[in-house]
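For reference, target27.cif is printed below; it contains mmCIF, C-alpha atoms.
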```
data_coords
#
loop_
_atom_site.label_atom_id
_atom_site.label_comp_id
_atom_site.auth_asym_id
_atom_site.auth_seq_id
_atom_site.Cartn_x
_atom_site.Cartn_y
_atom_site.Cartn_z
CA GLU A 1 11.87 -24.95 2.06
CA ARG A 2 8.08 -24.93 2.15
CA GLY A 3 7.58 -25.89 -1.46
CA LEU A 4 6.23 -22.49 -2.43
CA GLN A 5 6.96 -21.18 -5.88
CA ALA A 6 8.84 -17.88 -5.79
CA ARG A 7 10.80 -15.87 -8.28
CA ARG A 8 12.56 -12.53 -8.36
CA ALA A 9 11.62 -10.37 -11.34
CA ASP A 10 10.60 -6.91 -12.41
CA VAL A 11 6.89 -6.62 -11.62
CA LEU A 12 5.83 -5.30 -15.04
CA ALA A 13 8.06 -7.69 -16.97
CA HIS A 14 6.75 -10.66 -14.99
CA LEU A 15 3.08 -9.73 -15.19
CA GLY A 16 3.56 -9.07 -18.91
CA THR A 17 4.51 -12.73 -19.44
CA LEU A 18 1.25 -13.97 -17.89
CA PRO A 19 -1.98 -14.53 -19.78
CA GLU A 20 -5.13 -12.64 -18.94
CA GLY A 21 -6.84 -14.06 -15.86
CA ALA A 22 -3.85 -16.15 -14.75
CA LEU A 23 -3.84 -15.19 -11.07
CA GLY A 24 -6.30 -15.43 -8.20
CA ALA A 25 -4.54 -12.82 -6.07
CA ILE A 26 -1.67 -10.36 -6.19
CA SER A 27 0.01 -8.95 -3.10
CA ALA A 28 2.43 -6.05 -3.21
CA PHE A 29 3.54 -5.19 0.30
CA HIS A 30 5.67 -2.05 0.48
CA VAL A 31 6.13 -1.82 -3.27
CA ILE A 32 3.99 1.05 -4.59
CA GLU A 33 5.96 3.77 -2.80
CA HIS A 34 9.03 2.66 -4.78
CA LEU A 35 7.41 3.06 -8.22
CA PRO A 36 7.34 6.11 -10.47
CA LEU A 37 3.77 7.20 -11.19
CA GLU A 38 3.67 5.81 -14.73
CA VAL A 39 5.01 2.43 -13.54
CA LEU A 40 2.51 2.33 -10.67
CA ARG A 41 -0.39 2.95 -13.04
CA ALA A 42 0.93 0.34 -15.50
CA PHE A 43 1.34 -2.14 -12.61
CA LEU A 44 -2.28 -1.64 -11.55
CA GLU A 45 -3.50 -2.13 -15.12
CA GLU A 46 -1.42 -5.29 -15.51
CA ALA A 47 -2.63 -6.55 -12.12
CA ARG A 48 -6.25 -6.11 -13.25
CA ARG A 49 -5.51 -7.83 -16.57
CA THR A 50 -3.82 -10.85 -15.01
CA LEU A 51 -6.35 -11.40 -12.22
CA VAL A 52 -9.33 -13.71 -12.66
CA PRO A 53 -12.75 -12.11 -12.28
CA GLY A 54 -13.24 -11.75 -8.54
CA GLY A 55 -9.45 -11.87 -8.00
CA ILE A 56 -7.97 -9.86 -5.15
CA LEU A 57 -5.30 -7.15 -5.23
CA MET A 58 -3.63 -6.41 -1.89
CA LEU A 59 -1.34 -3.40 -1.53
CA GLU A 60 0.37 -2.24 1.63
CA SER A 61 2.33 0.98 2.04
CA PRO A 62 3.61 3.30 4.77
CA ASN A 63 0.83 5.57 6.01
CA PRO A 64 1.74 9.26 5.62
CA GLU A 65 -1.40 10.20 7.57
CA SER A 66 0.80 9.51 10.59
CA ILE A 67 3.08 12.53 10.86
CA LYS A 68 5.87 10.42 12.35
CA VAL A 69 5.75 8.09 9.33
CA GLY A 70 5.43 10.87 6.76
CA ALA A 71 8.14 13.04 8.29
CA THR A 72 10.65 10.45 9.49
CA THR A 73 10.27 6.69 9.19
CA PHE A 74 9.22 6.78 5.52
CA HIS A 75 12.61 8.31 4.74
CA TYR A 76 14.61 5.56 6.46
CA ASP A 77 14.47 3.73 3.12
CA PRO A 78 16.30 5.86 0.54
CA THR A 79 14.65 3.92 -2.31
CA HIS A 80 11.20 5.28 -1.40
CA LEU A 81 10.17 7.82 -4.03
CA ARG A 82 7.24 9.52 -2.30
CA PRO A 83 4.58 8.79 0.30
CA ILE A 84 1.27 7.76 -1.24
CA PRO A 85 -1.71 8.74 0.92
CA PRO A 86 -4.32 5.99 1.31
CA GLN A 87 -6.97 8.08 -0.45
CA LEU A 88 -4.72 8.36 -3.51
CA ALA A 89 -3.97 4.62 -3.58
CA ASP A 90 -7.73 3.98 -3.34
CA PHE A 91 -8.32 6.38 -6.25
CA PHE A 92 -5.60 4.74 -8.37
CA ALA A 93 -7.12 1.28 -7.78
CA GLU A 94 -10.58 2.51 -8.76
CA GLN A 95 -9.21 4.30 -11.85
CA ALA A 96 -7.49 1.05 -12.90
CA GLY A 97 -10.88 -0.66 -12.91
CA PHE A 98 -10.94 -2.38 -9.52
CA ALA A 99 -14.13 -2.60 -7.48
CA GLU A 100 -14.97 -3.06 -3.81
CA VAL A 101 -11.87 -1.06 -2.89
CA GLU A 102 -11.30 -0.97 0.87
CA VAL A 103 -8.59 0.80 2.87
CA LEU A 104 -7.43 -0.69 6.16
CA ARG A 105 -5.18 1.26 8.51
CA LEU A 106 -2.68 -1.08 10.17
CA ASN A 107 0.12 -1.35 12.72
CA PRO A 108 -0.48 1.42 15.24
CA TYR A 109 2.44 2.58 17.31
CA PRO A 110 2.70 0.82 20.69
CA ALA A 111 1.04 2.38 23.71
CA SER A 112 4.49 3.25 25.07
CA SER A 113 4.82 5.81 22.24
CA LEU A 114 1.64 7.67 23.11
CA VAL A 115 1.21 10.85 25.13
CA THR A 116 -0.44 9.60 28.32
CA GLU A 117 -2.11 12.85 29.36
CA GLN A 118 -5.90 12.53 29.32
CA SER A 119 -7.04 15.48 27.23
CA GLU A 120 -8.58 16.21 23.86
CA THR A 121 -5.30 17.77 22.75
CA ALA A 122 -3.27 14.68 23.74
CA SER A 123 -5.80 12.44 22.00
CA LYS A 124 -5.54 14.45 18.78
CA LEU A 125 -1.75 14.55 19.03
CA ASN A 126 -1.63 10.76 19.44
CA GLU A 127 -3.91 10.33 16.44
CA LEU A 128 -1.84 12.63 14.21
CA MET A 129 1.64 11.61 15.37
CA PHE A 130 1.24 7.96 16.26
CA GLY A 131 -1.60 6.73 14.08
CA PRO A 132 -1.35 3.53 12.06
CA GLN A 133 2.10 3.16 10.52
CA ASP A 134 0.84 1.37 7.41
CA TYR A 135 -2.31 0.97 5.38
CA ALA A 136 -3.58 -1.70 3.04
CA VAL A 137 -5.74 -1.37 -0.02
CA ILE A 138 -7.80 -4.46 -0.78
CA ALA A 139 -9.54 -4.42 -4.17
CA ARG A 140 -11.38 -6.92 -6.33
CA LYS A 141 -11.40 -7.34 -10.07
CA PRO A 142 -15.04 -7.15 -11.21
#
```

Rewrite the structure of this file - the entire thing - as structure tokens.
Amino acid sequence: ERGLQARRADVLAHLGTLPEGALGAISAFHVIEHLPLEVLRAFLEEARRTLVPGGILMLESPNPESIKVGATTFHYDPTHLRPIPPQLADFFAEQAGFAEVEVLRLNPYPASSLVTEQSETASKLNELMFGPQDYAVIARKP
């Protein structure tokens, strides 16, 4: 409807058809937690190959640093293979040759979910249980 080009394809098969440096950016929102390790690493290598120098890779995934996400909401989708902690996603991006890797923690639970008691314990509980539900990794091809 908006004139945007879109296609449905296997990520590795599609990227494999593209020449080196064909893309300015790649976004993969809630994809990496569905991929087996070897496919995830191949995806990151193909993403680096197909991006122009300075191109941006954007990944978003559920944040298992939040206990509620890691213990419950992550498992609402039976196609999720395993939670990927943000530090591990950062490491994978760096190992694949990306630079300027940044992790952003996103989508905190609403205030209505939080323990309202004013104490250090309640504050820590809120941080651990109801921290950001997702995180993003933003990386640049050198």

Expected selection from the PyMOL selection byres ((chain A and resi 80-94) around 8), given as number ranges by chain: A: 32-36, 41, 44, 61-65, 70, 74-75, 77-79, 95-99, 101-103, 135-137, 139

Point-to-point distance from atom CA of Leu104 of chain A to atom CA of Asp134 of chain A, Å rounded to tenths: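 Separation of atom CA of Leu104 of chain A and atom CA of Asp134 of chain A: 8.6 Å.
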
Target residues per the PyMOL selection byres ((chain A and resi 109) around 8), formatted as a PyMOL selection string: chain A and resi 107-108+110-111+113-114+130-133

Each residue of segment 37-135 of chain A lying at most 9 Å from segment 7-20 of chain A should get a row with its shortest atom-to-atom pair and the distance in Å to one decimal, counting only C-alpha atoms; could you produce that, ordered by chain and increasing number, as CSV?
```
residue,atom,partner,partner_atom,distance
A:Val39,CA,A:Leu12,CA,7.9
A:Ala42,CA,A:Leu12,CA,7.5
A:Phe43,CA,A:Leu12,CA,6.0
A:Glu46,CA,A:Leu15,CA,6.3
A:Ala47,CA,A:Leu15,CA,7.2
A:Arg48,CA,A:Glu20,CA,8.7
A:Arg49,CA,A:Glu20,CA,5.4
A:Thr50,CA,A:Glu20,CA,4.5
A:Leu51,CA,A:Glu20,CA,6.9
A:Val52,CA,A:Glu20,CA,7.6
```

d(atom CA of Lys141 of chain A, atom CA of Glu60 of chain A) in Å: 17.4 Å

Gap from atom CA of Ala6 of chain A to atom CA of Ala28 of chain A - Å, one decimal: 13.7 Å

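When you apply the PyMOL selection byres ((chain A and resi 26) around 6) to this structure, what comes back is Ala25, Ser27 and Leu57 of chain A.
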
Kindly save the residues from that selection, with C-alpha atoms included, as an mmCIF file, in the frame of the given file.
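Heads up, here's the output in part25.cif:
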```cif
data_model
loop_
_atom_site.group_PDB
_atom_site.id
_atom_site.type_symbol
_atom_site.label_atom_id
_atom_site.label_comp_id
_atom_site.auth_asym_id
_atom_site.auth_seq_id
_atom_site.Cartn_x
_atom_site.Cartn_y
_atom_site.Cartn_z
ATOM 1 C CA ALA A 25 -4.540 -12.820 -6.070
ATOM 2 C CA SER A 27 0.010 -8.950 -3.100
ATOM 3 C CA LEU A 57 -5.300 -7.150 -5.230
#
```

Residue with smallest distance to Leu128 of chain A - pool A:Val31, A:Val115, A:Leu23, A:Leu59, counting all atoms listed in the file: A:Val115

Option closest in space to Ser112 of chain A, from A:Ala71, A:Glu1, A:Ile56, A:Asn126 [counting all atoms listed in the file]: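 Smallest separation from Ser112 of chain A among the options: A:Asn126.
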
May I ask you to restore all heavy atoms in segment 84-95 of chain A and write the result as an mmCIF file, in the frame of the given file?
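To be explicit, this is the file written out as part-v4.cif:
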```cif
data_model
loop_
_atom_site.group_PDB
_atom_site.id
_atom_site.type_symbol
_atom_site.label_atom_id
_atom_site.label_comp_id
_atom_site.auth_asym_id
_atom_site.auth_seq_id
_atom_site.Cartn_x
_atom_site.Cartn_y
_atom_site.Cartn_z
ATOM 1 N N ILE A 84 2.527 7.802 -0.509
ATOM 2 C CA ILE A 84 1.270 7.760 -1.240
ATOM 3 C C ILE A 84 0.147 7.694 -0.205
ATOM 4 O O ILE A 84 -0.006 6.679 0.475
ATOM 5 C CB ILE A 84 1.205 6.557 -2.194
ATOM 6 C CG1 ILE A 84 2.347 6.650 -3.214
ATOM 7 C CG2 ILE A 84 -0.159 6.484 -2.880
ATOM 8 C CD1 ILE A 84 2.480 5.444 -4.100
ATOM 9 N N PRO A 85 -0.618 8.769 -0.053
ATOM 10 C CA PRO A 85 -1.710 8.740 0.920
ATOM 11 C C PRO A 85 -2.727 7.648 0.576
ATOM 12 O O PRO A 85 -2.935 7.331 -0.607
ATOM 13 C CB PRO A 85 -2.344 10.125 0.799
ATOM 14 C CG PRO A 85 -1.271 10.980 0.187
ATOM 15 C CD PRO A 85 -0.492 10.061 -0.716
ATOM 16 N N PRO A 86 -3.363 7.069 1.578
ATOM 17 C CA PRO A 86 -4.320 5.990 1.310
ATOM 18 C C PRO A 86 -5.441 6.396 0.357
ATOM 19 O O PRO A 86 -5.852 5.588 -0.484
ATOM 20 C CB PRO A 86 -4.892 5.650 2.689
ATOM 21 C CG PRO A 86 -4.093 6.373 3.685
ATOM 22 C CD PRO A 86 -3.222 7.354 3.002
ATOM 23 N N GLN A 87 -5.907 7.629 0.442
ATOM 24 C CA GLN A 87 -6.970 8.080 -0.450
ATOM 25 C C GLN A 87 -6.515 8.057 -1.912
ATOM 26 O O GLN A 87 -7.303 7.777 -2.814
ATOM 27 C CB GLN A 87 -7.446 9.491 -0.079
ATOM 28 C CG GLN A 87 -8.000 9.608 1.311
ATOM 29 C CD GLN A 87 -6.921 9.920 2.358
ATOM 30 O OE1 GLN A 87 -5.724 9.707 2.167
ATOM 31 N NE2 GLN A 87 -7.360 10.416 3.513
ATOM 32 N N LEU A 88 -5.249 8.363 -2.147
ATOM 33 C CA LEU A 88 -4.720 8.360 -3.510
ATOM 34 C C LEU A 88 -4.563 6.928 -4.016
ATOM 35 O O LEU A 88 -4.891 6.634 -5.175
ATOM 36 C CB LEU A 88 -3.383 9.109 -3.554
ATOM 37 C CG LEU A 88 -2.757 9.309 -4.924
ATOM 38 C CD1 LEU A 88 -3.719 10.038 -5.872
ATOM 39 C CD2 LEU A 88 -1.446 10.077 -4.789
ATOM 40 N N ALA A 89 -4.089 6.026 -3.177
ATOM 41 C CA ALA A 89 -3.970 4.620 -3.580
ATOM 42 C C ALA A 89 -5.355 4.041 -3.893
ATOM 43 O O ALA A 89 -5.514 3.289 -4.874
ATOM 44 C CB ALA A 89 -3.282 3.810 -2.481
ATOM 45 N N ASP A 90 -6.343 4.392 -3.095
ATOM 46 C CA ASP A 90 -7.730 3.980 -3.340
ATOM 47 C C ASP A 90 -8.185 4.493 -4.704
ATOM 48 O O ASP A 90 -8.736 3.744 -5.524
ATOM 49 C CB ASP A 90 -8.599 4.535 -2.203
ATOM 50 C CG ASP A 90 -10.072 4.243 -2.360
ATOM 51 O OD1 ASP A 90 -10.680 4.660 -3.365
ATOM 52 O OD2 ASP A 90 -10.638 3.614 -1.449
ATOM 53 N N PHE A 91 -7.935 5.770 -4.967
ATOM 54 C CA PHE A 91 -8.320 6.380 -6.250
ATOM 55 C C PHE A 91 -7.634 5.677 -7.416
ATOM 56 O O PHE A 91 -8.272 5.365 -8.424
ATOM 57 C CB PHE A 91 -7.961 7.878 -6.226
ATOM 58 C CG PHE A 91 -8.177 8.569 -7.539
ATOM 59 C CD1 PHE A 91 -9.455 8.932 -7.953
ATOM 60 C CD2 PHE A 91 -7.095 8.862 -8.354
ATOM 61 C CE1 PHE A 91 -9.651 9.576 -9.170
ATOM 62 C CE2 PHE A 91 -7.283 9.508 -9.571
ATOM 63 C CZ PHE A 91 -8.565 9.856 -9.985
ATOM 64 N N PHE A 92 -6.329 5.413 -7.293
ATOM 65 C CA PHE A 92 -5.600 4.740 -8.370
ATOM 66 C C PHE A 92 -6.193 3.358 -8.656
ATOM 67 O O PHE A 92 -6.320 2.950 -9.809
ATOM 68 C CB PHE A 92 -4.120 4.605 -8.037
ATOM 69 C CG PHE A 92 -3.326 5.880 -8.161
ATOM 70 C CD1 PHE A 92 -2.163 6.038 -7.446
ATOM 71 C CD2 PHE A 92 -3.719 6.912 -8.990
ATOM 72 C CE1 PHE A 92 -1.402 7.201 -7.545
ATOM 73 C CE2 PHE A 92 -2.976 8.079 -9.106
ATOM 74 C CZ PHE A 92 -1.809 8.216 -8.380
ATOM 75 N N ALA A 93 -6.538 2.614 -7.599
ATOM 76 C CA ALA A 93 -7.120 1.280 -7.780
ATOM 77 C C ALA A 93 -8.457 1.382 -8.501
ATOM 78 O O ALA A 93 -8.741 0.608 -9.434
ATOM 79 C CB ALA A 93 -7.263 0.573 -6.436
ATOM 80 N N GLU A 94 -9.291 2.331 -8.104
ATOM 81 C CA GLU A 94 -10.580 2.510 -8.760
ATOM 82 C C GLU A 94 -10.400 2.923 -10.221
ATOM 83 O O GLU A 94 -11.096 2.429 -11.114
ATOM 84 C CB GLU A 94 -11.433 3.514 -8.010
ATOM 85 C CG GLU A 94 -11.941 2.982 -6.689
ATOM 86 C CD GLU A 94 -12.775 3.991 -5.904
ATOM 87 O OE1 GLU A 94 -13.014 5.120 -6.407
ATOM 88 O OE2 GLU A 94 -13.194 3.635 -4.792
ATOM 89 N N GLN A 95 -9.465 3.840 -10.478
ATOM 90 C CA GLN A 95 -9.210 4.300 -11.850
ATOM 91 C C GLN A 95 -8.693 3.165 -12.735
ATOM 92 O O GLN A 95 -8.912 3.177 -13.938
ATOM 93 C CB GLN A 95 -8.213 5.465 -11.852
ATOM 94 C CG GLN A 95 -8.823 6.757 -11.349
ATOM 95 C CD GLN A 95 -9.972 7.218 -12.213
ATOM 96 O OE1 GLN A 95 -9.818 7.440 -13.404
ATOM 97 N NE2 GLN A 95 -11.149 7.353 -11.631
#
```
